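Structure file my_file-v9.cif (mmCIF, C-alpha atoms) follows.
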```cif
data_input
loop_
_atom_site.label_atom_id
_atom_site.label_comp_id
_atom_site.auth_asym_id
_atom_site.auth_seq_id
_atom_site.Cartn_x
_atom_site.Cartn_y
_atom_site.Cartn_z
CA MET A 1 32.78 46.90 -79.77
CA ILE A 2 35.47 47.54 -77.19
CA GLY A 3 33.40 50.12 -75.34
CA TYR A 4 30.60 47.64 -74.80
CA PHE A 5 33.02 45.07 -73.42
CA ASN A 6 34.58 47.69 -71.16
CA SER A 7 31.16 48.48 -69.73
CA ALA A 8 30.94 44.92 -68.48
CA ARG A 9 34.04 45.12 -66.30
CA ALA A 10 31.75 46.16 -63.46
CA PHE A 11 29.98 42.79 -63.51
CA ARG A 12 30.39 41.51 -59.99
CA ASN A 13 29.98 38.11 -58.44
CA ASN A 14 26.45 38.18 -57.12
CA ARG A 15 23.48 35.87 -57.00
CA LEU A 16 21.53 37.85 -59.53
CA TRP A 17 20.03 35.10 -61.63
CA VAL A 18 19.02 33.01 -58.66
CA ALA A 19 17.38 36.09 -57.19
CA VAL A 20 15.65 37.02 -60.44
CA GLY A 21 13.25 34.15 -59.89
CA CYS A 22 11.79 36.13 -56.99
CA LEU A 23 11.17 39.06 -59.29
CA PHE A 24 8.70 37.11 -61.40
CA LEU A 25 6.31 36.94 -58.45
CA TYR A 26 5.78 40.63 -58.92
CA THR A 27 3.02 43.05 -58.18
CA SER A 28 2.60 46.14 -60.30
CA THR A 29 4.48 49.23 -59.19
CA THR A 30 3.00 52.71 -58.98
CA ALA A 31 5.48 54.00 -61.57
CA GLN A 32 4.05 56.24 -64.25
CA PRO A 33 5.42 54.76 -67.49
CA LEU A 34 6.70 56.82 -70.37
CA ASP A 35 4.20 57.94 -73.00
CA PHE A 36 5.14 55.90 -76.06
CA ALA A 37 2.78 57.87 -78.25
CA LYS A 38 5.79 60.22 -78.38
CA ALA A 39 8.38 59.10 -80.93
CA ASP A 40 11.15 60.52 -78.73
CA TYR A 41 10.77 57.57 -76.38
CA TRP A 42 11.53 55.08 -79.14
CA MET A 43 15.12 54.39 -80.18
CA VAL A 44 13.90 52.68 -83.36
CA LEU A 45 10.53 52.61 -85.15
CA PRO A 46 9.67 51.66 -88.74
CA GLU A 47 9.57 55.39 -89.49
CA LYS A 48 12.53 56.23 -87.23
CA ASN A 49 15.71 54.39 -88.14
CA PRO A 50 19.27 55.37 -87.19
CA GLU A 51 21.56 56.38 -90.03
CA PHE A 52 23.71 53.27 -89.66
CA PHE A 53 20.67 51.13 -90.54
CA LYS A 54 19.64 53.23 -93.52
CA LYS A 55 22.95 52.51 -95.24
CA LYS A 56 22.45 48.74 -95.21
CA THR A 57 21.05 46.75 -98.11
CA LEU A 58 18.33 44.58 -96.67
CA ASP A 59 16.68 41.34 -97.62
CA SER A 60 13.16 42.66 -97.10
CA THR A 61 11.35 39.30 -97.49
CA TRP A 62 9.91 39.32 -93.99
CA ILE A 63 9.92 43.03 -93.13
CA SER A 64 6.46 43.49 -94.64
CA LYS A 65 5.03 40.58 -92.62
CA VAL A 66 6.79 40.33 -89.23
CA ASP A 67 7.79 42.64 -86.36
CA VAL A 68 10.75 42.46 -83.97
CA PHE A 69 10.48 43.96 -80.47
CA TYR A 70 13.99 44.33 -79.01
CA VAL A 71 14.96 45.25 -75.43
CA TYR A 72 18.62 46.14 -74.81
CA PRO A 73 20.87 45.10 -71.89
CA THR A 74 22.15 47.03 -68.88
CA PHE A 75 24.33 50.06 -69.55
CA LEU A 76 23.93 51.64 -66.12
CA VAL A 77 26.83 49.77 -64.52
CA ASP A 78 29.19 52.34 -62.94
CA ALA A 79 29.53 51.50 -59.25
CA GLN A 80 30.01 55.22 -58.53
CA ASP A 81 26.68 56.11 -60.15
CA SER A 82 24.10 56.39 -57.36
CA ARG A 83 21.07 56.33 -59.67
CA TRP A 84 18.80 53.29 -59.47
CA ASN A 85 17.17 53.91 -62.86
CA LEU A 86 18.39 55.62 -65.99
CA PRO A 87 16.47 58.83 -66.75
CA PHE A 88 15.48 59.68 -70.30
CA GLU A 89 17.31 63.00 -69.93
CA ASP A 90 20.73 61.25 -69.96
CA GLN A 91 21.40 61.90 -73.62
CA ALA A 92 24.96 60.57 -73.52
CA MET A 93 23.78 57.19 -72.26
CA ARG A 94 21.01 57.08 -74.86
CA GLU A 95 23.57 57.64 -77.58
CA ASP A 96 25.78 54.93 -76.06
CA ILE A 97 22.89 52.46 -76.18
CA LEU A 98 22.14 53.40 -79.78
CA GLN A 99 25.74 53.09 -80.97
CA LYS A 100 26.46 49.85 -79.13
CA ALA A 101 23.40 47.76 -78.26
CA VAL A 102 21.22 48.80 -81.20
CA LYS A 103 24.05 48.82 -83.73
CA PHE A 104 25.72 45.57 -82.65
CA GLN A 105 22.82 43.59 -81.17
CA ALA A 106 19.42 44.67 -82.51
CA SER A 107 20.90 44.65 -86.01
CA ALA A 108 21.09 40.84 -85.84
CA TRP A 109 17.31 40.82 -86.35
CA LEU A 110 17.21 43.71 -88.83
CA GLU A 111 16.16 41.57 -91.78
CA CYS A 112 13.64 39.59 -89.74
CA GLY A 113 10.90 42.19 -89.52
CA ARG A 114 10.03 45.79 -88.75
CA LEU A 115 12.19 46.74 -85.78
CA PHE A 116 10.83 48.34 -82.59
CA VAL A 117 13.25 49.43 -79.87
CA PRO A 118 11.78 51.39 -76.94
CA PHE A 119 13.84 53.46 -74.55
CA TYR A 120 13.21 52.25 -71.02
CA ARG A 121 14.42 53.54 -67.68
CA GLN A 122 16.50 50.50 -66.99
CA ALA A 123 17.68 49.52 -63.53
CA HIS A 124 21.27 49.91 -62.41
CA LEU A 125 23.26 46.68 -62.37
CA ARG A 126 23.28 46.81 -58.56
CA ALA A 127 19.53 46.14 -58.60
CA TYR A 128 20.30 42.45 -58.98
CA ASP A 129 22.25 42.57 -55.72
CA SER A 130 19.21 43.72 -53.75
CA ILE A 131 16.40 41.87 -55.43
CA GLN A 132 14.47 41.68 -52.16
CA GLY A 133 14.74 45.42 -51.60
CA ARG A 134 15.40 48.54 -53.64
CA GLY A 135 16.66 46.54 -56.59
CA ARG A 136 13.33 44.81 -57.12
CA GLU A 137 11.58 48.16 -57.21
CA ALA A 138 14.08 49.49 -59.74
CA LEU A 139 13.67 46.49 -62.05
CA LEU A 140 9.89 46.68 -61.89
CA PHE A 141 10.02 50.43 -62.49
CA ALA A 142 11.94 49.62 -65.68
CA TYR A 143 9.42 46.92 -66.58
CA GLU A 144 6.55 49.42 -66.50
CA ASP A 145 8.21 51.24 -69.41
CA VAL A 146 8.81 48.03 -71.38
CA LYS A 147 5.24 46.95 -70.75
CA ALA A 148 3.81 50.33 -71.80
CA ALA A 149 5.89 50.27 -75.00
CA PHE A 150 4.69 46.77 -75.86
CA VAL A 151 1.05 47.69 -75.22
CA TYR A 152 1.44 50.77 -77.43
CA TYR A 153 3.03 48.61 -80.11
CA LEU A 154 0.13 46.13 -79.94
CA ASP A 155 -2.51 48.86 -80.07
CA HIS A 156 -0.99 50.99 -82.83
CA TYR A 157 1.33 48.89 -84.98
CA ASN A 158 0.78 45.15 -84.67
CA GLN A 159 -2.56 44.65 -86.46
CA GLY A 160 -2.37 40.88 -85.97
CA ARG A 161 1.16 40.48 -87.37
CA PRO A 162 3.47 37.73 -86.09
CA PHE A 163 6.30 39.07 -83.94
CA VAL A 164 9.72 38.16 -82.55
CA LEU A 165 10.89 39.15 -79.07
CA ALA A 166 14.63 39.78 -78.77
CA GLY A 167 16.67 40.86 -75.79
CA HIS A 168 19.86 40.41 -73.83
CA SER A 169 20.72 40.38 -70.12
CA GLN A 170 18.38 42.89 -68.39
CA GLY A 171 16.53 43.11 -71.69
CA SER A 172 15.86 39.37 -71.45
CA THR A 173 14.80 39.79 -67.82
CA GLN A 174 12.22 42.36 -68.88
CA LEU A 175 11.00 40.22 -71.79
CA ASN A 176 10.66 37.26 -69.43
CA LEU A 177 8.26 39.35 -67.34
CA LEU A 178 6.44 40.43 -70.50
CA ILE A 179 6.03 36.83 -71.64
CA LYS A 180 4.56 35.83 -68.29
CA GLU A 181 2.04 38.66 -68.29
CA PHE A 182 0.99 38.79 -71.96
CA ILE A 183 1.97 35.65 -73.84
CA ASP A 184 2.52 32.44 -71.88
CA GLY A 185 -0.74 30.48 -72.04
CA LYS A 186 -2.57 33.43 -73.59
CA PRO A 187 -4.08 34.02 -77.07
CA LEU A 188 -1.20 36.32 -78.06
CA SER A 189 1.12 33.29 -78.02
CA LYS A 190 -0.29 32.34 -81.43
CA GLN A 191 1.43 35.41 -82.93
CA LEU A 192 4.80 34.71 -81.32
CA VAL A 193 7.34 33.39 -83.80
CA ALA A 194 10.17 33.14 -81.26
CA ALA A 195 11.62 34.82 -78.19
CA TYR A 196 15.41 35.12 -78.03
CA LEU A 197 16.39 35.49 -74.36
CA PRO A 198 20.18 35.21 -74.06
CA GLY A 199 22.19 36.31 -71.06
CA ILE A 200 19.97 35.13 -68.22
CA GLY A 201 19.55 31.83 -66.41
CA ILE A 202 16.12 30.34 -67.09
CA ASP A 203 14.96 27.30 -65.12
CA SER A 204 13.05 24.57 -66.95
CA ASN A 205 9.81 25.24 -65.03
CA GLU A 206 9.96 29.03 -65.14
CA ILE A 207 7.90 29.63 -68.28
CA GLN A 208 4.92 27.37 -67.95
CA GLN A 209 3.46 26.74 -71.41
CA LEU A 210 5.69 28.20 -74.12
CA PRO A 211 8.21 25.54 -75.17
CA PHE A 212 11.95 25.85 -74.92
CA MET A 213 12.79 25.25 -78.57
CA THR A 214 15.41 22.57 -79.29
CA LYS A 215 15.10 22.41 -83.08
CA PRO A 216 16.43 25.10 -85.43
CA ASN A 217 13.13 25.54 -87.25
CA GLY A 218 10.86 25.48 -84.21
CA TYR A 219 8.53 28.39 -83.58
CA GLY A 220 6.08 29.59 -80.94
CA GLY A 221 8.57 29.27 -78.08
CA TYR A 222 11.84 30.65 -76.77
CA VAL A 223 15.58 30.02 -76.74
CA SER A 224 18.28 31.10 -74.32
CA TRP A 225 22.05 30.74 -73.98
CA ASN A 226 24.95 32.06 -71.90
CA THR A 227 28.41 32.36 -73.42
CA MET A 228 31.63 31.38 -71.67
CA TYR A 229 35.18 30.82 -72.88
CA GLU A 230 36.53 27.26 -73.14
CA LYS A 231 35.12 25.90 -69.86
CA PRO A 232 32.81 26.86 -66.99
CA ASP A 233 34.50 29.02 -64.39
CA THR A 234 34.08 28.94 -60.63
CA TYR A 235 33.16 32.62 -60.46
CA ARG A 236 29.88 33.05 -62.38
CA TYR A 237 28.87 29.66 -63.67
CA PRO A 238 27.69 27.98 -60.42
CA VAL A 239 25.34 30.86 -59.62
CA TRP A 240 24.24 32.18 -63.00
CA TYR A 241 24.23 29.34 -65.47
CA LYS A 242 24.62 25.83 -64.07
CA ASN A 243 21.80 23.46 -65.07
CA ARG A 244 19.73 26.23 -66.65
CA LEU A 245 18.24 26.07 -70.13
CA CYS A 246 20.77 26.61 -72.88
CA ILE A 247 20.70 26.03 -76.62
CA ASN A 248 23.79 25.68 -78.79
CA PRO A 249 23.64 28.79 -81.04
CA LEU A 250 25.72 27.16 -83.77
CA SER A 251 23.17 24.39 -84.34
CA TRP A 252 20.09 25.70 -82.46
CA ASP A 253 19.61 22.32 -80.84
CA LEU A 254 21.13 20.47 -77.89
CA SER A 255 24.22 19.23 -79.72
CA PRO A 256 26.98 18.85 -77.13
CA HIS A 257 29.65 19.86 -79.65
CA VAL A 258 29.45 21.85 -82.90
CA ASP A 259 32.47 22.49 -85.08
CA ARG A 260 33.57 26.00 -86.06
CA THR A 261 32.59 25.37 -89.68
CA ALA A 262 28.96 25.92 -88.61
CA HIS A 263 29.69 29.42 -87.25
CA GLN A 264 28.11 31.94 -89.61
CA GLY A 265 29.48 35.20 -88.29
CA PHE A 266 30.60 37.41 -85.39
CA LEU A 267 29.98 41.16 -85.81
CA TYR A 268 33.13 42.92 -84.59
CA GLN A 269 33.57 46.55 -83.54
CA ASN A 270 35.07 47.49 -86.90
CA GLY A 271 31.87 46.41 -88.66
CA SER A 272 33.46 43.30 -90.15
CA ILE A 273 31.84 39.89 -89.85
CA TYR A 274 34.15 37.00 -88.97
CA LYS A 275 32.97 33.44 -89.50
CA ASN A 276 34.25 30.01 -88.44
CA CYS A 277 35.70 31.60 -85.31
CA PHE A 278 35.16 28.84 -82.72
CA ASP A 279 33.73 25.46 -81.83
CA ALA A 280 30.81 25.56 -79.38
CA ASP A 281 30.19 23.02 -76.60
CA LEU A 282 27.21 22.85 -74.26
CA CYS A 283 28.32 22.88 -70.62
CA GLN A 284 25.16 22.24 -68.57
CA GLY A 285 23.68 25.73 -68.81
CA ALA A 286 26.35 27.56 -70.77
CA VAL A 287 27.83 27.45 -74.25
CA CYS A 288 31.62 27.22 -74.08
CA LEU A 289 33.69 28.48 -77.01
CA LYS A 290 36.59 26.21 -77.92
CA ARG A 291 39.61 26.67 -80.20
CA ALA A 292 38.71 30.33 -80.66
CA LYS A 293 40.52 32.33 -83.32
CA TRP A 294 41.18 36.06 -83.36
CA PRO A 295 39.41 38.33 -82.46
CA ILE A 296 37.59 36.02 -80.02
CA SER A 297 40.81 34.72 -78.51
CA TRP A 298 42.07 38.27 -77.98
CA MET A 299 38.90 39.32 -76.17
CA ALA A 300 38.86 36.20 -74.03
CA LYS A 301 42.32 37.05 -72.71
CA ASN A 302 41.32 40.59 -71.81
CA TYR A 303 37.80 40.24 -70.43
CA PRO A 304 36.63 38.02 -67.57
CA SER A 305 33.33 37.14 -69.24
CA LEU A 306 31.91 36.75 -72.73
CA HIS A 307 28.45 37.60 -71.40
CA VAL A 308 28.37 40.89 -73.27
CA GLY A 309 29.06 39.05 -76.53
CA ASP A 310 26.06 36.72 -76.23
CA VAL A 311 24.45 38.32 -79.30
CA ASN A 312 27.16 39.74 -81.53
CA LEU A 313 29.34 36.61 -81.23
CA PHE A 314 26.49 34.80 -83.01
CA TRP A 315 25.25 37.81 -84.99
CA LYS A 316 24.87 36.15 -88.39
CA ASP A 317 23.76 32.84 -86.88
CA ILE A 318 20.89 34.61 -85.09
CA GLY A 319 19.64 36.39 -88.19
CA MET A 320 19.70 33.25 -90.30
CA ASN A 321 18.01 31.19 -87.60
CA CYS A 322 15.30 33.76 -87.05
CA LYS A 323 14.48 33.77 -90.77
CA ALA A 324 14.25 29.97 -90.71
CA ARG A 325 11.80 30.11 -87.79
CA ILE A 326 9.71 32.76 -89.54
CA ASN A 327 9.59 30.65 -92.68
CA ALA A 328 8.48 27.64 -90.62
CA TYR A 329 5.83 29.76 -88.88
CA PHE A 330 4.25 30.86 -92.16
CA SER A 331 4.61 27.43 -93.77
CA ASN A 332 2.69 25.81 -90.93
CA GLU A 333 0.25 28.57 -90.02
#
```

Produce structure tokens that represent the structure in this file.
Amino acid sequence: MIGYFNSARAFRNNRLWVAVGCLFLYTSTTAQPLDFAKADYWMVLPEKNPEFFKKKTLDSTWISKVDVFYVYPTFLVDAQDSRWNLPFEDQAMREDILQKAVKFQASAWLECGRLFVPFYRQAHLRAYDSIQGRGREALLFAYEDVKAAFVYYLDHYNQGRPFVLAGHSQGSTQLNLLIKEFIDGKPLSKQLVAAYLPGIGIDSNEIQQLPFMTKPNGYGGYVSWNTMYEKPDTYRYPVWYKNRLCINPLSWDLSPHVDRTAHQGFLYQNGSIYKNCFDADLCQGAVCLKRAKWPISWMAKNYPSLHVGDVNLFWKDIGMNCKARINAYFSNE
């Protein structure tokens, strides 16, 4: 997954997650969303799976009963790229998203339900730098696509099925907007098994009625976490993470320290899954990885942030936890 980590080198020190709070007081844009009746605008559908998924042997226990709606993170990060939103016509970027985000992130939920991954005209990373100006417009333009895809999913696929929301970084930003408009305090919340929203800072009063889940078998709410190496830094942590909601993804509760023996598996770029790679400590809004073994220790020495590994570092842990929440949902509903 080296290419995905390289794409994050452009992450700059900005006040993006503080500013994102302003975005939630949005008004609808005049953007014409993509027509999701066309299969071309979906990266993954139950009837449209990439080859690397077809080769996997799946535990299909929940696939017939649950859906997963996944929104991928920002790939439009090149500072020299003047575009504010990614057009559908950029085939190379679409393939990059498929081979990195879908393959190494969305796959964490592959056994948790039918997978739906819409293409959306995501905002450039710089949008978070100008949240009061052009950036806000770009993020809301992207949201119109995510919203249209979700509405199409509800109208044509859902049929009352429980669902999981899964995202990362900008994907979690977009799902946060979706939750506010469609789910929080609304009847649709009864179908929500869980929302996984890693890679963004979420304040405790931001989502009004859905609970922040602090037990591993909770359902009907959301979880979030932000990954750092060993200890909070002075570069990103004070602005992005400090004092925001954060679960420990090795225990899925608020345990301040969890030993590496609880780590179920990190999906590496070579397709191998490495377990027992690190201890995990909660650091007031972030999860700090301690005593990391290779390949985590190698990456931590070469990359300034583990933000891009928020999902695949806990790849097996996420899948197992999601199944536990689904089981609890059906046992209690």

task = Would you list the residues near (37.4, 28.1, -82.2) (no more than 9 Å away, in the coordinates of the file, using all atoms listed in the file) as a PyMOL selection string?
result = chain A and resi 259-260+276-280+289-294+296-297

request  = Would you write out, as a PyMOL selection string, every residue that the PyMOL selection byres ((chain A and resi 121-135) around 6) captures in this file?
outcome  = chain A and resi 16+76-77+84-87+120+136-139+142

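For the pair atom CA of Pro33 of chain A and atom CA of Leu165 of chain A, the interatomic distance is 20.2 Å.
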
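Straight-line separation from atom CA of Leu267 of chain A to atom CA of Gln105 of chain A: 8.9 Å.
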
message = For the provided coordinates, the residues matched by the PyMOL selection byres ((chain A and resi 243) around 6) should be stated as number ranges by chain.
response = A: 242, 244, 284-285

key: Resolved residues for the PyMOL selection byres ((chain A and resi 229) around 10) as a PyMOL selection string   = chain A and resi 227-228+230-233+280-281+286-292+296-297+299-301+304-307

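Atom CA of Phe69 of chain A lies 13.9 Å from atom CA of Asp155 of chain A.
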
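Ranking A:Tyr274, A:Tyr219, A:Phe75, A:Phe119 by their shortest atom-to-atom distance to Ser169 of chain A, with all atoms listed in the file included, puts A:Phe75 first.
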
With the cut-off set at 9 Å and counting all atoms listed in the file, tabulate each residue of segment 36-59 of chain A with an atom at most that distance from an atom of segment 99-103 of chain A, showing the nearest atom pair and its distance in Å to one decimal, ordered by chain and increasing number, as JSON lines.
```
{"residue": "A:Met43", "atom": "CA", "partner": "A:Val102", "partner_atom": "CA", "distance": 8.3}
{"residue": "A:Val44", "atom": "CA", "partner": "A:Val102", "partner_atom": "CA", "distance": 8.6}
{"residue": "A:Pro50", "atom": "CA", "partner": "A:Lys103", "partner_atom": "CA", "distance": 8.8}
{"residue": "A:Phe52", "atom": "CA", "partner": "A:Lys103", "partner_atom": "CA", "distance": 7.4}
{"residue": "A:Phe53", "atom": "CA", "partner": "A:Lys103", "partner_atom": "CA", "distance": 7.9}
```

task = Would you please work out which residue, of A:Pro249, A:Gly265, A:Pro187, A:Pro73, is nearest to Lys316 of chain A when using only C-alpha atoms?
result = A:Gly265

Using all atoms listed in the file, what does the table of segment 204-252 of chain A residues within 9 Å of segment 192-200 of chain A look like, with each row giving the shortest atom pair and its distance in Å to one decimal, sorted by chain and ascending number, as a tab-separated table?
```
residue	atom	partner	partner_atom	distance
A:Met213	CA	A:Ala194	CA	8.7
A:Gly218	CA	A:Ala194	CA	8.2
A:Tyr219	CA	A:Val193	CA	5.1
A:Gly220	CA	A:Val193	CA	4.9
A:Gly221	CA	A:Ala194	CA	5.3
A:Tyr222	CA	A:Ala195	CA	4.4
A:Val223	CA	A:Tyr196	CA	5.3
A:Ser224	CA	A:Pro198	CA	4.5
A:Trp225	CA	A:Pro198	CA	4.8
A:Asn226	CA	A:Gly199	CA	5.1
A:Thr227	CA	A:Gly199	CA	7.7
A:Trp240	CA	A:Ile200	CA	7.4
A:Tyr241	CA	A:Ile200	CA	7.7
A:Cys246	CA	A:Pro198	CA	8.7
```

Contacts of Ala148 of chain A at 12 Å (only C-alpha atoms; same-chain gap of 2+ positions) as a PDB file with C-alpha atoms, keeping the file's coordinate frame:
```pdb
ATOM      1  CA  ALA A  31       5.480  54.000 -61.570  1.00  0.00           C
ATOM      2  CA  GLN A  32       4.050  56.240 -64.250  1.00  0.00           C
ATOM      3  CA  PRO A  33       5.420  54.760 -67.490  1.00  0.00           C
ATOM      4  CA  LEU A  34       6.700  56.820 -70.370  1.00  0.00           C
ATOM      5  CA  ASP A  35       4.200  57.940 -73.000  1.00  0.00           C
ATOM      6  CA  PHE A  36       5.140  55.900 -76.060  1.00  0.00           C
ATOM      7  CA  ALA A  37       2.780  57.870 -78.250  1.00  0.00           C
ATOM      8  CA  TYR A  41      10.770  57.570 -76.380  1.00  0.00           C
ATOM      9  CA  TRP A  42      11.530  55.080 -79.140  1.00  0.00           C
ATOM     10  CA  PRO A 118      11.780  51.390 -76.940  1.00  0.00           C
ATOM     11  CA  PHE A 119      13.840  53.460 -74.550  1.00  0.00           C
ATOM     12  CA  TYR A 120      13.210  52.250 -71.020  1.00  0.00           C
ATOM     13  CA  ARG A 121      14.420  53.540 -67.680  1.00  0.00           C
ATOM     14  CA  PHE A 141      10.020  50.430 -62.490  1.00  0.00           C
ATOM     15  CA  ALA A 142      11.940  49.620 -65.680  1.00  0.00           C
ATOM     16  CA  TYR A 143       9.420  46.920 -66.580  1.00  0.00           C
ATOM     17  CA  GLU A 144       6.550  49.420 -66.500  1.00  0.00           C
ATOM     18  CA  ASP A 145       8.210  51.240 -69.410  1.00  0.00           C
ATOM     19  CA  VAL A 146       8.810  48.030 -71.380  1.00  0.00           C
ATOM     20  CA  PHE A 150       4.690  46.770 -75.860  1.00  0.00           C
ATOM     21  CA  VAL A 151       1.050  47.690 -75.220  1.00  0.00           C
ATOM     22  CA  TYR A 152       1.440  50.770 -77.430  1.00  0.00           C
ATOM     23  CA  TYR A 153       3.030  48.610 -80.110  1.00  0.00           C
ATOM     24  CA  LEU A 154       0.130  46.130 -79.940  1.00  0.00           C
ATOM     25  CA  ASP A 155      -2.510  48.860 -80.070  1.00  0.00           C
ATOM     26  CA  GLN A 174      12.220  42.360 -68.880  1.00  0.00           C
ATOM     27  CA  LEU A 178       6.440  40.430 -70.500  1.00  0.00           C
ATOM     28  CA  PHE A 182       0.990  38.790 -71.960  1.00  0.00           C
TER      29      PHE A 182
END
```

message = Quick one: residues within 7 Å of segment 253-258 of chain A, only C-alpha atoms, excluding same-chain residues fewer than 3 positions away - as a ChimeraX atom specification?
response = /A:214-216,247-248,250,279-282

Would you mind exporting the chosen residues as a PDB file, in the coordinates of the input, restricted to C-alpha atoms?
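Wrote result13.pdb, looks like this:
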```
ATOM      1  CA  THR A 214      15.410  22.570 -79.290  1.00  0.00           C
ATOM      2  CA  LYS A 215      15.100  22.410 -83.080  1.00  0.00           C
ATOM      3  CA  PRO A 216      16.430  25.100 -85.430  1.00  0.00           C
ATOM      4  CA  ILE A 247      20.700  26.030 -76.620  1.00  0.00           C
ATOM      5  CA  ASN A 248      23.790  25.680 -78.790  1.00  0.00           C
ATOM      6  CA  LEU A 250      25.720  27.160 -83.770  1.00  0.00           C
ATOM      7  CA  ASP A 279      33.730  25.460 -81.830  1.00  0.00           C
ATOM      8  CA  ALA A 280      30.810  25.560 -79.380  1.00  0.00           C
ATOM      9  CA  ASP A 281      30.190  23.020 -76.600  1.00  0.00           C
ATOM     10  CA  LEU A 282      27.210  22.850 -74.260  1.00  0.00           C
TER      11      LEU A 282
END
```

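Closest approach to Glu333 of chain A among A:Lys190, A:Ala92, A:Glu181, A:Ala79 is made by A:Lys190 (distances from all atoms listed in the file).
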
request  = Excluding Asp184 of chain A and residues on its chain fewer than 5 positions from it, collect all residues at most 8 Å away from it, counting all atoms listed in the file, and give them as a PyMOL selection string.
outcome  = chain A and resi 179+189+207-210

ask   = Between A:Cys322, A:Leu45, A:Leu313, A:Val68, which is the closest to Pro162 of chain A once you count only C-alpha atoms?
value = A:Val68

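Distance check against Gly171 of chain A using all atoms listed in the file: of A:Ser331, A:Val117, A:Trp298, A:Ser251, the minimum falls on A:Val117.
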
query = Within 7 Å of Ser204 of chain A, counting all atoms listed in the file, which residues qualify if same-chain residues fewer than 2 places away don't, as a ChimeraX atom specification?
reply = /A:202,206,244-245

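Candidate residues A:Ala39, A:Leu140, A:Ala108, A:Ile97 were compared for distance to Asp317 of chain A, and the nearest is A:Ala108, using only C-alpha atoms.
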
Please supply segment 249-260 of chain A, rebuilt with N, CA and C atoms, as a short mmCIF file (atom, residue, chain, number, x, y, z; two decimals), in the frame of the given file.
```cif
data_model
loop_
_atom_site.label_atom_id
_atom_site.label_comp_id
_atom_site.auth_asym_id
_atom_site.auth_seq_id
_atom_site.Cartn_x
_atom_site.Cartn_y
_atom_site.Cartn_z
N PRO A 249 23.99 27.83 -79.98
CA PRO A 249 23.64 28.79 -81.04
C PRO A 249 24.33 28.54 -82.38
N LEU A 250 25.17 27.51 -82.46
CA LEU A 250 25.72 27.16 -83.77
C LEU A 250 24.85 26.13 -84.49
N SER A 251 24.04 25.40 -83.73
CA SER A 251 23.17 24.39 -84.34
C SER A 251 21.70 24.60 -83.98
N TRP A 252 21.44 25.42 -82.95
CA TRP A 252 20.09 25.70 -82.46
C TRP A 252 19.37 24.43 -82.02
N ASP A 253 20.17 23.50 -81.48
CA ASP A 253 19.61 22.32 -80.84
C ASP A 253 20.47 22.02 -79.62
N LEU A 254 20.39 20.81 -79.10
CA LEU A 254 21.13 20.47 -77.89
C LEU A 254 22.40 19.68 -78.20
N SER A 255 22.97 19.90 -79.37
CA SER A 255 24.22 19.23 -79.72
C SER A 255 25.30 19.57 -78.71
N PRO A 256 25.95 18.56 -78.13
CA PRO A 256 26.98 18.85 -77.13
C PRO A 256 28.22 19.50 -77.71
N HIS A 257 28.48 19.27 -79.00
CA HIS A 257 29.65 19.86 -79.65
C HIS A 257 29.30 20.21 -81.10
N VAL A 258 29.64 21.43 -81.51
CA VAL A 258 29.45 21.85 -82.90
C VAL A 258 30.75 22.47 -83.39
N ASP A 259 31.21 22.02 -84.53
CA ASP A 259 32.47 22.49 -85.08
C ASP A 259 32.37 23.92 -85.60
N ARG A 260 33.49 24.60 -85.63
CA ARG A 260 33.57 26.00 -86.06
C ARG A 260 33.05 26.23 -87.47
#
```
